Amino acid sequence: MSKYWNKKINSATPYVAGEQPKPGQKVIKLNTNENPYPPSPRVREVLADFDIADLRLYPNTGSDIVRDAVAKVYGLTRDNVFVGNGSDEVLALCWQTFFEKEYNTGKAVLVPDISYSFYPVFSSFYDVRCECVPLREGFYIDPEDYCGRECCGIAIANPNAPTARLMPLDDIRKILDANPDVPVLIDEAYADFAEGYTTAASLINEYKNLIVVMTLSKSYSLAGIRMGFAMGDPELITGLTMARDSFNSYPGDRVAQKVAEAALLDREYWEETCKKIIATRKWTESELVKLGFILTDSQANFVWAKPPKQIDAQTLYNALKSKGILIRYFNKPVICDYLRITIGTDDEMAALMDAIREEL
Ligand SMILES: *Cc1c(COP(=O)(O)O)cnc(C)c1O
């Protein structure tokens, strides 16, 4: 608290990110869903070729080379794509652009009660009323819970975090069909790790109210450059651009734009990396099940696991931490029995399994 802060900051409850090890500290880091593999080798070439004299100049405001790369990958056009400084920024701008302030409407944005914990933070920071819709048994999102309800918008992470469960495209259609008059945001931070799922971006030409948000932090191994994007009807993209230009006109720097473009266009490397992570996820799941863990069917680059009776989630989290293995534990009702474990390399996951076995 400070008398120099305004009321908003004095009452804010910010998002808490997973802990970052100190420089030089040796840990197995499985706590913030980063990719264990380096980015595409094309990134090194782009950085080697980069002319530092270009850094004198402001970057292109829209990150148009990145927009074009995204459009190419998803069969869209540049005016369907918005680029921001990480998808957290893109999500923040979506909240400011699409969801109505509580003092203007009685209607809330609907979000699952167990989901990305940034959603309630954005809501409160931007004065949007947020209604948390309870998940069903087994962390299942029932599309019917989002149909026929008064709201100013809907936001759902798919696959959901931290539960790792995927909602099929048909269920997203149901929600879109039932809510033609409000924006529906699908946060696909982890969709590239879902097997047999077609991105909701494939529905953009059918639904004017659909906005799909993605990031380069996970499947492209670029959490360090901060690049995220949204895809939707040009009308929605124009709204986001207006919000951006009322906040920060240059969210993508010159280096990040080049790097993101190169990584997006290297489809072969991207596919190979996603496949490796999916294979390691399956191995990790089967090993955990053998030890008596209860898991959801993960379609992400992490698993959501409840330890067997011998040990509770918090004790196991602390034990692993003392051995230099960081995973994520949420001290909150319902989810405090579970652990979120990011998929690392095969060696990292083998070390994790050894460490867990020692605790049981
Ligand atoms: C990681 C994550 C993001 C944020 O990604 P950045 O692009 O790194 O800001 C957004 N949504 C969900 C659900 C995430 O897990």
# chains A, B, ... in the order shown; residues from 1 in each chain; ligands from 1
$ residues_near_ligand --ligand "ligand 1" --cutoff "10 Å" --atoms "only C-alpha atoms and all ligand atoms" --output "PyMOL selection string"
chain A and resi 17+32-34+84-92+115-119+156-162+164+186-191+213-218+222-229+300-301
$ residues_around --residues "Tyr338 of chain A" --least-positions-apart "5" --cutoff "12 Å" --atoms "only C-alpha atoms" --output "PDB file with N, CA and C atoms, in the first residue's frame"
ATOM      1  N   PHE A 139     -12.797 -32.303 -14.192  1.00  0.00           N
ATOM      2  CA  PHE A 139     -12.294 -31.060 -14.805  1.00  0.00           C
ATOM      3  C   PHE A 139     -12.818 -30.859 -16.224  1.00  0.00           C
ATOM      4  N   PRO A 162      -4.789 -25.235 -15.470  1.00  0.00           N
ATOM      5  CA  PRO A 162      -3.736 -26.260 -15.450  1.00  0.00           C
ATOM      6  C   PRO A 162      -4.242 -27.688 -15.635  1.00  0.00           C
ATOM      7  N   THR A 163      -5.469 -27.875 -16.075  1.00  0.00           N
ATOM      8  CA  THR A 163      -6.049 -29.231 -16.095  1.00  0.00           C
ATOM      9  C   THR A 163      -5.598 -30.064 -17.287  1.00  0.00           C
ATOM     10  N   ALA A 164      -5.076 -29.424 -18.336  1.00  0.00           N
ATOM     11  CA  ALA A 164      -4.539 -30.081 -19.536  1.00  0.00           C
ATOM     12  C   ALA A 164      -5.600 -30.717 -20.430  1.00  0.00           C
ATOM     13  N   PHE A 293      -0.503 -42.462  -9.573  1.00  0.00           N
ATOM     14  CA  PHE A 293      -0.994 -41.090  -9.764  1.00  0.00           C
ATOM     15  C   PHE A 293      -2.308 -41.121 -10.554  1.00  0.00           C
ATOM     16  N   ILE A 294      -3.155 -40.150 -10.297  1.00  0.00           N
ATOM     17  CA  ILE A 294      -4.372 -39.996 -11.091  1.00  0.00           C
ATOM     18  C   ILE A 294      -4.168 -38.796 -12.009  1.00  0.00           C
ATOM     19  N   LEU A 295      -4.407 -39.000 -13.306  1.00  0.00           N
ATOM     20  CA  LEU A 295      -4.124 -37.954 -14.295  1.00  0.00           C
ATOM     21  C   LEU A 295      -5.351 -37.647 -15.138  1.00  0.00           C
ATOM     22  N   THR A 296      -5.398 -36.409 -15.635  1.00  0.00           N
ATOM     23  CA  THR A 296      -6.360 -36.120 -16.698  1.00  0.00           C
ATOM     24  C   THR A 296      -5.696 -36.542 -18.010  1.00  0.00           C
ATOM     25  N   VAL A 303       1.470 -32.175 -17.523  1.00  0.00           N
ATOM     26  CA  VAL A 303       0.440 -33.093 -17.034  1.00  0.00           C
ATOM     27  C   VAL A 303      -0.132 -32.546 -15.736  1.00  0.00           C
ATOM     28  N   TRP A 304      -1.330 -32.991 -15.434  1.00  0.00           N
ATOM     29  CA  TRP A 304      -2.054 -32.560 -14.237  1.00  0.00           C
ATOM     30  C   TRP A 304      -2.284 -33.820 -13.422  1.00  0.00           C
ATOM     31  N   ALA A 305      -1.555 -33.925 -12.328  1.00  0.00           N
ATOM     32  CA  ALA A 305      -1.442 -35.223 -11.671  1.00  0.00           C
ATOM     33  C   ALA A 305      -1.707 -35.160 -10.170  1.00  0.00           C
ATOM     34  N   LYS A 306      -2.497 -36.120  -9.687  1.00  0.00           N
ATOM     35  CA  LYS A 306      -2.769 -36.234  -8.250  1.00  0.00           C
ATOM     36  C   LYS A 306      -1.940 -37.393  -7.702  1.00  0.00           C
ATOM     37  N   PRO A 307      -1.053 -37.097  -6.741  1.00  0.00           N
ATOM     38  CA  PRO A 307      -0.181 -38.160  -6.217  1.00  0.00           C
ATOM     39  C   PRO A 307      -0.983 -39.259  -5.519  1.00  0.00           C
ATOM     40  N   PRO A 308      -0.395 -40.467  -5.428  1.00  0.00           N
ATOM     41  CA  PRO A 308      -1.071 -41.571  -4.733  1.00  0.00           C
ATOM     42  C   PRO A 308      -1.145 -41.296  -3.232  1.00  0.00           C
ATOM     43  N   ILE A 311       1.491 -39.906  -0.352  1.00  0.00           N
ATOM     44  CA  ILE A 311       2.071 -38.558  -0.221  1.00  0.00           C
ATOM     45  C   ILE A 311       1.089 -37.524  -0.784  1.00  0.00           C
ATOM     46  N   ASP A 312       0.993 -36.370  -0.127  1.00  0.00           N
ATOM     47  CA  ASP A 312       0.090 -35.349  -0.672  1.00  0.00           C
ATOM     48  C   ASP A 312       0.864 -34.403  -1.600  1.00  0.00           C
ATOM     49  N   ALA A 313       0.120 -33.660  -2.401  1.00  0.00           N
ATOM     50  CA  ALA A 313       0.721 -32.850  -3.470  1.00  0.00           C
ATOM     51  C   ALA A 313       1.746 -31.851  -2.935  1.00  0.00           C
ATOM     52  N   GLN A 314       1.392 -31.166  -1.842  1.00  0.00           N
ATOM     53  CA  GLN A 314       2.286 -30.125  -1.332  1.00  0.00           C
ATOM     54  C   GLN A 314       3.602 -30.717  -0.802  1.00  0.00           C
ATOM     55  N   THR A 315       3.491 -31.852  -0.107  1.00  0.00           N
ATOM     56  CA  THR A 315       4.695 -32.508   0.424  1.00  0.00           C
ATOM     57  C   THR A 315       5.606 -32.943  -0.717  1.00  0.00           C
ATOM     58  N   LEU A 316       5.005 -33.519  -1.754  1.00  0.00           N
ATOM     59  CA  LEU A 316       5.812 -33.974  -2.888  1.00  0.00           C
ATOM     60  C   LEU A 316       6.447 -32.782  -3.614  1.00  0.00           C
ATOM     61  N   TYR A 317       5.675 -31.716  -3.782  1.00  0.00           N
ATOM     62  CA  TYR A 317       6.207 -30.501  -4.405  1.00  0.00           C
ATOM     63  C   TYR A 317       7.448 -30.009  -3.651  1.00  0.00           C
ATOM     64  N   ILE A 327       8.369 -27.937  -9.902  1.00  0.00           N
ATOM     65  CA  ILE A 327       7.098 -28.157 -10.589  1.00  0.00           C
ATOM     66  C   ILE A 327       6.126 -27.134 -10.013  1.00  0.00           C
ATOM     67  N   ARG A 328       4.861 -27.173 -10.404  1.00  0.00           N
ATOM     68  CA  ARG A 328       3.938 -26.126  -9.931  1.00  0.00           C
ATOM     69  C   ARG A 328       2.881 -26.702  -8.994  1.00  0.00           C
ATOM     70  N   TYR A 329       2.735 -26.043  -7.867  1.00  0.00           N
ATOM     71  CA  TYR A 329       1.707 -26.421  -6.894  1.00  0.00           C
ATOM     72  C   TYR A 329       0.831 -25.200  -6.627  1.00  0.00           C
ATOM     73  N   PHE A 330      -0.476 -25.377  -6.641  1.00  0.00           N
ATOM     74  CA  PHE A 330      -1.404 -24.263  -6.399  1.00  0.00           C
ATOM     75  C   PHE A 330      -2.110 -24.490  -5.064  1.00  0.00           C
ATOM     76  N   ASN A 331      -1.844 -23.611  -4.115  1.00  0.00           N
ATOM     77  CA  ASN A 331      -2.457 -23.776  -2.798  1.00  0.00           C
ATOM     78  C   ASN A 331      -3.861 -23.161  -2.781  1.00  0.00           C
ATOM     79  N   LYS A 332      -4.763 -23.810  -3.524  1.00  0.00           N
ATOM     80  CA  LYS A 332      -6.130 -23.302  -3.637  1.00  0.00           C
ATOM     81  C   LYS A 332      -7.108 -24.474  -3.540  1.00  0.00           C
ATOM     82  N   PRO A 333      -8.344 -24.214  -3.050  1.00  0.00           N
ATOM     83  CA  PRO A 333      -9.314 -25.301  -2.953  1.00  0.00           C
ATOM     84  C   PRO A 333      -9.454 -26.044  -4.290  1.00  0.00           C
TER      85      PRO A 333
END
$ closest_residue --among "A:Asp347, A:Asp171, A:Glu102, A:Asp245" --to "Trp283 of chain A" --atoms "only C-alpha atoms"
A:Asp347
$ residues_around --residues "Glu150 of chain A" --least-positions-apart "3" --cutoff "10 Å" --atoms "only C-alpha atoms" --output "list of chain:residue names"
A:Gly106, A:Lys107, A:Ala108, A:Val109, A:Leu110, A:Tyr146, A:Cys147, A:Gly153, A:Asn179, A:Val182
$ residues_around --residues "Gly75 of chain A" --least-positions-apart "2" --cutoff "12 Å" --atoms "only C-alpha atoms" --output "PyMOL selection string"
chain A and resi 67-73+77-81+199+201-205+231
$ residues_around --residues "Glu348 of chain A" --least-positions-apart "5" --cutoff "10 Å" --atoms "only C-alpha atoms" --output "number ranges by chain"
A: 28-30, 36, 325, 343, 353-354
$ select_by_dssp --residues "segment 49-242 of chain A" --states "alpha helix (DSSP H)" --output "VMD selection string"
chain A and resid 49 64 to 74 87 to 98 118 to 125 169 to 178 234 to 242
$ atom_distance --atom1 "atom CA of Lys101 of chain A" --atom2 "atom CA of Tyr4 of chain A"
24.9 Å
$ select_by_dssp --residues "segment 115-347 of chain A" --states "strand (DSSP E or B)" --output "ChimeraX atom specification"
/A:130-133,136,140,153-157,184-187,210-215,228-232,294-295,302-306,325-326,328-329,339-342
$ atom_distance --atom1 "atom CA of Leu176 of chain A" --atom2 "atom CA of Asn209 of chain A"
7.5 Å
$ closest_residue --among "A:Gln96, A:Leu320, A:Glu358, A:Tyr220" --to "Leu265 of chain A" --atoms "only C-alpha atoms"
A:Tyr220
$ residues_around --residues "segment 279-281 of chain A" --least-positions-apart "4" --cutoff "7 Å" --atoms "only C-alpha atoms" --output "number ranges by chain"
A: 275, 285, 343, 346
$ closest_residue --among "A:Phe302, A:Val259, A:Cys274, A:Glu144" --to "Phe50 of chain A" --atoms "only C-alpha atoms"
A:Val259
$ closest_residue --among "A:Tyr126, A:Asn104, A:Val255, A:Pro180" --to "Glu206 of chain A" --atoms "only C-alpha atoms"
A:Pro180
